[in-house]
Amino acid sequence: MAELTRAALEDLAVGAMASRDVLCVDPAHPIGRMARMMVERKVGSAVVLTEDGRPGIIAERDLLRALADGADPTSTMVESYMTASAITASPAWSAGEAARCMLARNFRHLVVVGEQGRIEGLLSIRDLFAALLGRIDGGT
Amino acid sequence: MQIAQVMTCNVLTVSPRGELDRAAQLMVERKVGSAVVVDDGVIVGIITERDVLQAVARGLVPWHTQVSECMTAEPFVVGPETPADEALALMMTKGFRHLPVAEDGRLVGLVSLRDLVSQGAKP
């Protein structure tokens, strides 16, 4: 099992594990609207498309912070609680690189950016773990 | 590996009658993504970031909403001696990221997907 895990951490590529169907939101969306979009799409995070072209990220955790601050979901904007300049990963990164990066920086998501800066997906800690488990259970 | 080896023992608990914004404050202060809802020593629910997201999506006003209105009631519970892979399988099939750990009906810990991942991802 340890050998399989080690092999899978090196073999699996970020591009193959990431969710391709990424919810993108605007920095000026109210967080209440963003919450509805997340629930409809069954996701816990979204990429924020900013004018400078460097994607931000906003997740359930950020909504929690907003509520803790007493923010009104109908009037508080995504940009007030997003993480600007999210950590990006290349689709060619290995699962191990992605896992180490997430754990070291204490992030649960990586924005997958391909050539020409195109957003190709979003990799969550859950995607990563599901892929590793699939590989180990599959025994390949 | 058993759950007792990876669980967090110092678990945040909240009352079902507390307000949602106060529960959010406590979760942020304690840097956790969930709290176990305990009423009179009995585990009655769990509230996670996901539940908070759903409450906001439903248009509930955080300071006028009680934890009981948005928690997941009667959550799946594991024991300290449950094997880690069993808990992990439960999480992956049911879509949970957190499981309360109880012994003789008493809350003794909480195990998160992150706890299990950190163990598994160590080289």
# chains A, B, ... in the order shown; residues from 1 in each chain; ligands from 1

call {"tool": "select_by_dssp", "arguments": {"residues": "chain B", "states": "strand (DSSP E)", "output": "compact mmCIF listing (two decimals) with N, CA, C and O atoms, in the first residue's frame"}}
result
# COMPACT_ATOMS: atom_id res chain seq x y z
N THR B 13 -17.51 22.83 20.45
CA THR B 13 -18.92 22.47 20.53
C THR B 13 -19.76 23.75 20.60
O THR B 13 -19.31 24.76 21.14
N VAL B 14 -20.93 23.68 20.01
CA VAL B 14 -21.86 24.82 20.07
C VAL B 14 -23.24 24.31 20.46
O VAL B 14 -23.54 23.12 20.34
N SER B 34 -15.58 23.11 11.37
CA SER B 34 -16.81 22.47 11.83
C SER B 34 -16.90 22.54 13.36
O SER B 34 -15.90 22.74 14.03
N ALA B 35 -18.11 22.36 13.84
CA ALA B 35 -18.34 22.30 15.28
C ALA B 35 -19.38 21.22 15.53
O ALA B 35 -20.28 21.01 14.71
N VAL B 36 -19.22 20.53 16.64
CA VAL B 36 -20.21 19.52 16.99
C VAL B 36 -21.28 20.21 17.83
O VAL B 36 -20.98 21.02 18.71
N VAL B 37 -22.54 19.93 17.49
CA VAL B 37 -23.65 20.56 18.20
C VAL B 37 -24.08 19.64 19.34
O VAL B 37 -24.46 18.48 19.11
N VAL B 38 -23.94 20.15 20.55
CA VAL B 38 -24.19 19.34 21.73
C VAL B 38 -25.28 20.00 22.57
O VAL B 38 -25.23 21.20 22.80
N ASP B 39 -26.24 19.21 22.97
CA ASP B 39 -27.32 19.72 23.81
C ASP B 39 -27.39 18.85 25.05
O ASP B 39 -27.66 17.64 24.94
N VAL B 42 -25.46 15.67 24.92
CA VAL B 42 -25.79 14.71 23.86
C VAL B 42 -25.43 15.32 22.49
O VAL B 42 -25.73 16.50 22.24
N ILE B 43 -24.77 14.53 21.63
CA ILE B 43 -24.45 15.01 20.28
C ILE B 43 -25.75 15.05 19.47
O ILE B 43 -26.38 14.01 19.26
N VAL B 44 -26.16 16.23 19.05
CA VAL B 44 -27.42 16.33 18.27
C VAL B 44 -27.18 16.69 16.82
O VAL B 44 -28.07 16.60 15.98
N GLY B 45 -25.94 17.15 16.52
CA GLY B 45 -25.67 17.51 15.13
C GLY B 45 -24.24 17.91 14.91
O GLY B 45 -23.42 17.88 15.83
N ILE B 46 -23.96 18.28 13.68
CA ILE B 46 -22.65 18.84 13.34
C ILE B 46 -22.91 20.00 12.41
O ILE B 46 -23.87 19.97 11.62
N ILE B 47 -22.13 21.06 12.57
CA ILE B 47 -22.28 22.19 11.65
C ILE B 47 -20.93 22.44 11.01
O ILE B 47 -19.91 22.51 11.70
N THR B 48 -20.93 22.50 9.69
CA THR B 48 -19.68 22.67 8.95
C THR B 48 -19.80 23.88 8.04
O THR B 48 -20.88 24.43 7.85
N THR B 72 -26.41 19.68 10.37
CA THR B 72 -26.77 18.34 9.94
C THR B 72 -27.12 17.57 11.22
O THR B 72 -26.25 17.37 12.08
N ALA B 73 -28.39 17.20 11.35
CA ALA B 73 -28.83 16.53 12.58
C ALA B 73 -28.43 15.06 12.56
O ALA B 73 -28.26 14.46 11.49
N HIS B 98 -16.03 15.58 7.90
CA HIS B 98 -15.79 15.53 9.34
C HIS B 98 -16.68 14.47 9.98
O HIS B 98 -17.84 14.34 9.59
N LEU B 99 -16.14 13.77 10.96
CA LEU B 99 -16.95 12.82 11.72
C LEU B 99 -16.66 13.00 13.21
O LEU B 99 -15.50 12.99 13.62
N PRO B 100 -17.70 13.17 14.02
CA PRO B 100 -17.48 13.20 15.47
C PRO B 100 -17.05 11.81 15.95
O PRO B 100 -17.47 10.80 15.39
N VAL B 101 -16.20 11.80 16.97
CA VAL B 101 -15.75 10.54 17.56
C VAL B 101 -16.35 10.47 18.97
O VAL B 101 -16.19 11.40 19.77
N ALA B 102 -17.08 9.40 19.23
CA ALA B 102 -17.74 9.28 20.53
C ALA B 102 -17.42 7.94 21.17
O ALA B 102 -17.18 6.94 20.48
N GLU B 103 -17.40 7.96 22.49
CA GLU B 103 -17.17 6.74 23.26
C GLU B 103 -18.23 6.72 24.36
O GLU B 103 -18.33 7.70 25.12
N ARG B 106 -20.37 9.72 24.60
CA ARG B 106 -19.74 10.99 24.98
C ARG B 106 -18.76 11.40 23.88
O ARG B 106 -17.99 10.58 23.37
N LEU B 107 -18.78 12.70 23.54
CA LEU B 107 -17.90 13.21 22.50
C LEU B 107 -16.45 13.19 22.99
O LEU B 107 -16.13 13.76 24.03
N VAL B 108 -15.57 12.53 22.24
CA VAL B 108 -14.16 12.49 22.65
C VAL B 108 -13.23 13.08 21.58
O VAL B 108 -12.05 13.30 21.84
N GLY B 109 -13.77 13.35 20.41
CA GLY B 109 -12.90 13.91 19.37
C GLY B 109 -13.63 14.15 18.07
O GLY B 109 -14.85 13.96 17.97
N LEU B 110 -12.86 14.59 17.09
CA LEU B 110 -13.39 14.84 15.76
C LEU B 110 -12.30 14.45 14.78
O LEU B 110 -11.12 14.72 15.02
N VAL B 111 -12.69 13.80 13.70
CA VAL B 111 -11.69 13.45 12.70
C VAL B 111 -12.10 14.09 11.37
O VAL B 111 -13.27 14.07 11.01
N SER B 112 -11.14 14.72 10.72
CA SER B 112 -11.44 15.39 9.46
C SER B 112 -10.71 14.69 8.33
O SER B 112 -9.73 13.97 8.54

call {"tool": "closest_atom_pairs", "arguments": {"of": "chain B", "to": "chain A", "cutoff": "9 Å", "atoms": "only C-alpha atoms", "output": "Markdown table"}}
result
| residue | atom | partner | partner_atom | distance |
| --- | --- | --- | --- | --- |
| B:Leu20 | CA | A:Leu67 | CA | 8.1 |
| B:Asp21 | CA | A:Leu67 | CA | 5.4 |
| B:Arg22 | CA | A:Ala68 | CA | 6.7 |
| B:Ala23 | CA | A:Ala68 | CA | 7.8 |
| B:Ala24 | CA | A:Ala68 | CA | 4.9 |
| B:Gln25 | CA | A:Ala68 | CA | 4.1 |
| B:Leu26 | CA | A:Ala68 | CA | 7.8 |
| B:Met27 | CA | A:Leu64 | CA | 8.0 |
| B:Val28 | CA | A:Arg65 | CA | 6.2 |
| B:Glu29 | CA | A:Ala68 | CA | 8.8 |
| B:Gly33 | CA | A:Arg61 | CA | 7.1 |
| B:Glu49 | CA | A:Glu60 | CA | 5.6 |
| B:Arg50 | CA | A:Glu60 | CA | 6.5 |
| B:Val52 | CA | A:Leu64 | CA | 6.9 |
| B:Leu53 | CA | A:Ala35 | CA | 5.8 |
| B:Gln54 | CA | A:Val39 | CA | 6.5 |
| B:Ala55 | CA | A:Ala35 | CA | 8.7 |
| B:Val56 | CA | A:Gly32 | CA | 5.9 |
| B:Ala57 | CA | A:Arg36 | CA | 4.3 |
| B:Arg58 | CA | A:Arg36 | CA | 7.3 |
| B:Gly59 | CA | A:Gly32 | CA | 7.2 |
| B:Val61 | CA | A:Asp72 | CA | 8.0 |
| B:Pro62 | CA | A:Leu67 | CA | 6.9 |
| B:Trp63 | CA | A:Gly70 | CA | 7.9 |
| B:Met92 | CA | A:Ala130 | CA | 7.6 |
| B:Arg97 | CA | A:Arg126 | CA | 8.9 |
| B:Leu113 | CA | A:Arg126 | CA | 8.2 |
| B:Arg114 | CA | A:Ile125 | CA | 8.2 |
| B:Val117 | CA | A:Phe129 | CA | 7.2 |
| B:Ser118 | CA | A:Leu103 | CA | 7.5 |
| B:Gly120 | CA | A:Thr5 | CA | 8.2 |
| B:Ala121 | CA | A:Ala99 | CA | 7.0 |
| B:Lys122 | CA | A:Arg100 | CA | 8.7 |
| B:Pro123 | CA | A:Arg6 | CA | 7.3 |

call {"tool": "select_by_dssp", "arguments": {"residues": "chain A", "states": "alpha helix (DSSP H)", "output": "PyMOL selection string"}}
result
chain A and resi 2-11+14-17+31-41+60-68+78-81+95-105+125-138

call {"tool": "atom_distance", "arguments": {"atom1": "atom CA of Val112 of chain A", "atom2": "atom CA of Glu3 of chain A"}}
result
27.1 Å

call {"tool": "atom_distance", "arguments": {"atom1": "atom CA of Met91 of chain B", "atom2": "atom CA of Asp115 of chain B"}}
result
12.1 Å
